[in-house]
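Student: My questions all concern the structure below.
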Amino acid sequence: MHIDTIAVQALRGHEHGAVVPPIHLASTFELDPATADGTFSYQRGGNPTRSDLEAVLAQLEDAQHAFAYATGMAATAAVFGLVETGSEVILSASVYGGTFRLVDKVFPGRGLTGRFVEQLDTLTDEDFTEDTAMVFVETPANPTLRVTDLRRIIELAHAHGALVVVDNTFMTPVLQRPLDLGADIVVQSATKYLAGHSDLLAGTATTNDDALGAALALSQKTLGGVLSPFDSYRLIQDIKTLPLRIERQQANAIAIAVHLREHEAVANVLTPGWHGEAEAVIHASQASGPGAVVSFELAPDVDRVAFLRALRIPAFAVSLGGVESLICHPATMTHEAMTPQARLDAGISDELLRLSVGIEDIGDLLADLDQALAAAR
Ligand SMILES: Cc1ncc(COP(=O)(O)O)c(C=O)c1O
């Protein structure tokens, strides 16, 4: 089935012919006294509503195992929890600031090393040691939209026995399916496109590997950062419109990128492939569209604060992926946990703005950007 159909039809056959799943709130479940067993026993270990959501996630990603967490960071932390003390994780320098903070502040206490490299596509055999346990990839990266060749990094890492984890938040399974390309685990901040309405925090992890699936199930149940039944239900409902929302948001983003590239008040526009033909070709080979985040730098004669104050539609706020457009300044917001040098290495300039394009009317969005750019010159 096509993903548009899966998003809506993944769960069928509810009691009473209900067309939406029920919400099961029970924290505990009656067990068979003979075996002390049952399909569910205690909500942290699993419950019918979270299971329903995890079944939808698995179908969307073509995955054997899916897990829903309270936040995207809980999913990322669970995945890093699979790495043994003494190991090294290689990451692209441009990653979500919270992931950077986890590596920077939490890894040392756990005896882990995080190595950030400017561009994962430059890695060769020599970069891997016997301690390299994992490569963590964001493609396109947040907020630089730099692209990593998934097929190449998966082949290289696997040749050295390292796992490949892809943070697919910017693409979602609608646009990119890293498990199909051989990635070991995909994580997402479901807070963003999957939920899509800026009113819910959630994270996901999916895998086709039974051993990794068992390890994630154990850590989910043991560490306990699980998604609640209410939020699991809401995410099931939100996912039904994911393909539609992505289609509209992406179309708006493409029109905005074209417009800003021609605007004399804008210096640089970053979308997947902006860095050069090679990255454009790679992105086209592994994803079916650019997504709906457009990063850009204003021309030197445009006052950034005046521009942001003049905008009427995009709210100046962190996060992305919702139906409403949001704009943020990564250097002081989403990526402030990085040192100035780390931001420089990652290509995140102090001038860079990140626009998460919503589903508003494209004429209104373009007119608003134009009037704010004019007001700020
Ligand atoms: C690419 C990416 N990964 C992970 C996260 C973390 O997700 P959450 O805020 O749901 O914990 C974010 C949040 O902005 C993100 O943009």
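So you can find residues: chains in the structure tokens are A, B, ... in the order shown, residues in each start at 1, and ligands are numbered from 1 in order.
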Show me which residues are within 8 Å of ligand 1 counting only C-alpha atoms and all ligand atoms, and format the list as a PDB file with C-alpha atoms, in the first residue's frame.
Tutor:
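So the final result, stored in part-v1.pdb, reads:
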```pdb
ATOM      1  CA  ALA A  70       7.905  10.845  25.448  1.00  0.00           C
ATOM      2  CA  THR A  71      10.182  13.113  23.343  1.00  0.00           C
ATOM      3  CA  GLY A  72      12.549  12.933  20.396  1.00  0.00           C
ATOM      4  CA  MET A  73      15.485  13.312  22.787  1.00  0.00           C
ATOM      5  CA  ALA A  74      14.278  10.296  24.799  1.00  0.00           C
ATOM      6  CA  ALA A  75      14.422   8.276  21.555  1.00  0.00           C
ATOM      7  CA  THR A  76      17.924   9.562  20.731  1.00  0.00           C
ATOM      8  CA  VAL A  95      23.106  18.092  14.183  1.00  0.00           C
ATOM      9  CA  TYR A  96      20.194  19.222  16.329  1.00  0.00           C
ATOM     10  CA  GLY A  97      21.585  21.276  19.261  1.00  0.00           C
ATOM     11  CA  GLY A  98      20.035  18.958  21.855  1.00  0.00           C
ATOM     12  CA  THR A  99      21.852  15.987  20.318  1.00  0.00           C
ATOM     13  CA  GLU A 138      21.058  13.780  10.124  1.00  0.00           C
ATOM     14  CA  ALA A 141      21.115  18.294   8.617  1.00  0.00           C
ATOM     15  CA  ASN A 142      19.536  20.747  11.031  1.00  0.00           C
ATOM     16  CA  ASP A 167      17.610  11.077  12.581  1.00  0.00           C
ATOM     17  CA  ASN A 168      14.890  11.347   9.935  1.00  0.00           C
ATOM     18  CA  THR A 169      12.920  14.174  11.600  1.00  0.00           C
ATOM     19  CA  PHE A 170      13.280  16.603   8.675  1.00  0.00           C
ATOM     20  CA  VAL A 187      14.887   8.023  15.139  1.00  0.00           C
ATOM     21  CA  GLN A 188      12.534  10.946  14.798  1.00  0.00           C
ATOM     22  CA  SER A 189      11.303  13.819  16.859  1.00  0.00           C
ATOM     23  CA  ALA A 190       7.611  13.083  16.279  1.00  0.00           C
ATOM     24  CA  THR A 191       7.022  16.470  17.925  1.00  0.00           C
ATOM     25  CA  LYS A 192       7.695  17.928  14.480  1.00  0.00           C
ATOM     26  CA  LEU A 201       6.048  16.099  22.254  1.00  0.00           C
ATOM     27  CA  ALA A 202       6.978  12.588  21.131  1.00  0.00           C
ATOM     28  CA  GLY A 203       9.850  10.532  19.746  1.00  0.00           C
ATOM     29  CA  VAL A 318      11.959  27.126  18.136  1.00  0.00           C
ATOM     30  CA  SER A 319      10.660  23.844  16.716  1.00  0.00           C
ATOM     31  CA  LEU A 320       9.436  23.019  13.244  1.00  0.00           C
ATOM     32  CA  THR A 334      18.139  25.654  18.762  1.00  0.00           C
TER      33      THR A 334
END
```
Student: Need the shell around region 358-360 of chain A: protein/DNA/RNA residues with any atom at most 10 Å away, counting only C-alpha atoms. Skip same-chain ones fewer than 2 positions apart. Format as a count of residues only?
Tutor: 29
Student: Write out as a list of chain:residue names the residues lying within 9 Å of Gln64 (chain A), counting only C-alpha atoms and excluding same-chain residues fewer than 3 positions away.
Tutor: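 In the requested form, the answer reads A:Ala58, A:Gln59, A:Glu61, A:Thr206, A:Thr207, A:Asn208, A:Asp209, A:Asp210, A:Gly213.
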Student: Please identify the strand (DSSP E) residues within region 209-353 of chain A (assignment by DSSP from backbone atoms) and present them as a PyMOL selection string.
Tutor: chain A and resi 266-270+293-298+315-316+326-328+352-353
Student: Write a file of the just-selected residues containing C-alpha atoms, as a PDB file, in the first residue's frame.
Tutor:
```pdb
ATOM      1  CA  VAL A 266      18.668  37.775   0.916  1.00  0.00           C
ATOM      2  CA  ALA A 267      22.303  36.641   0.677  1.00  0.00           C
ATOM      3  CA  ASN A 268      22.078  32.826   0.798  1.00  0.00           C
ATOM      4  CA  VAL A 269      19.276  30.299   0.683  1.00  0.00           C
ATOM      5  CA  LEU A 270      19.933  26.786   2.013  1.00  0.00           C
ATOM      6  CA  VAL A 293      12.610  23.778   6.036  1.00  0.00           C
ATOM      7  CA  VAL A 294      14.350  26.688   4.315  1.00  0.00           C
ATOM      8  CA  SER A 295      17.380  28.269   5.982  1.00  0.00           C
ATOM      9  CA  PHE A 296      18.673  31.616   4.773  1.00  0.00           C
ATOM     10  CA  GLU A 297      20.991  34.526   5.511  1.00  0.00           C
ATOM     11  CA  LEU A 298      19.941  38.114   5.022  1.00  0.00           C
ATOM     12  CA  ALA A 315       6.164  33.111  14.702  1.00  0.00           C
ATOM     13  CA  PHE A 316       9.659  33.622  16.110  1.00  0.00           C
ATOM     14  CA  LEU A 326       7.879  29.249  12.501  1.00  0.00           C
ATOM     15  CA  ILE A 327      11.183  31.048  12.147  1.00  0.00           C
ATOM     16  CA  CYS A 328      14.168  30.844  14.459  1.00  0.00           C
ATOM     17  CA  LEU A 352      21.511  32.064   9.617  1.00  0.00           C
ATOM     18  CA  LEU A 353      17.711  31.936  10.034  1.00  0.00           C
TER      19      LEU A 353
END
```
Student: Using only C-alpha atoms, which protein or nucleic acid residues come within 10 Å of region 110-121 of chain A? Drop anything in the same chain fewer than 4 positions from it, and give the result as JSON, numbers by chain.
Tutor: {"A": [80, 81, 83, 84, 85, 86, 87, 88, 89, 90, 91, 92, 93, 94, 95, 100, 102, 103, 104, 105, 106, 131, 132, 134, 135, 136, 137, 138, 146, 147, 148, 149, 150, 152, 153, 279, 342, 344, 345, 346, 347]}
Student: Which residue is closest to Asp199 (chain A)? Choose from A:Asp32, A:Asp238, A:Asp184, A:Glu130 and count only C-alpha atoms.
Tutor: A:Asp238
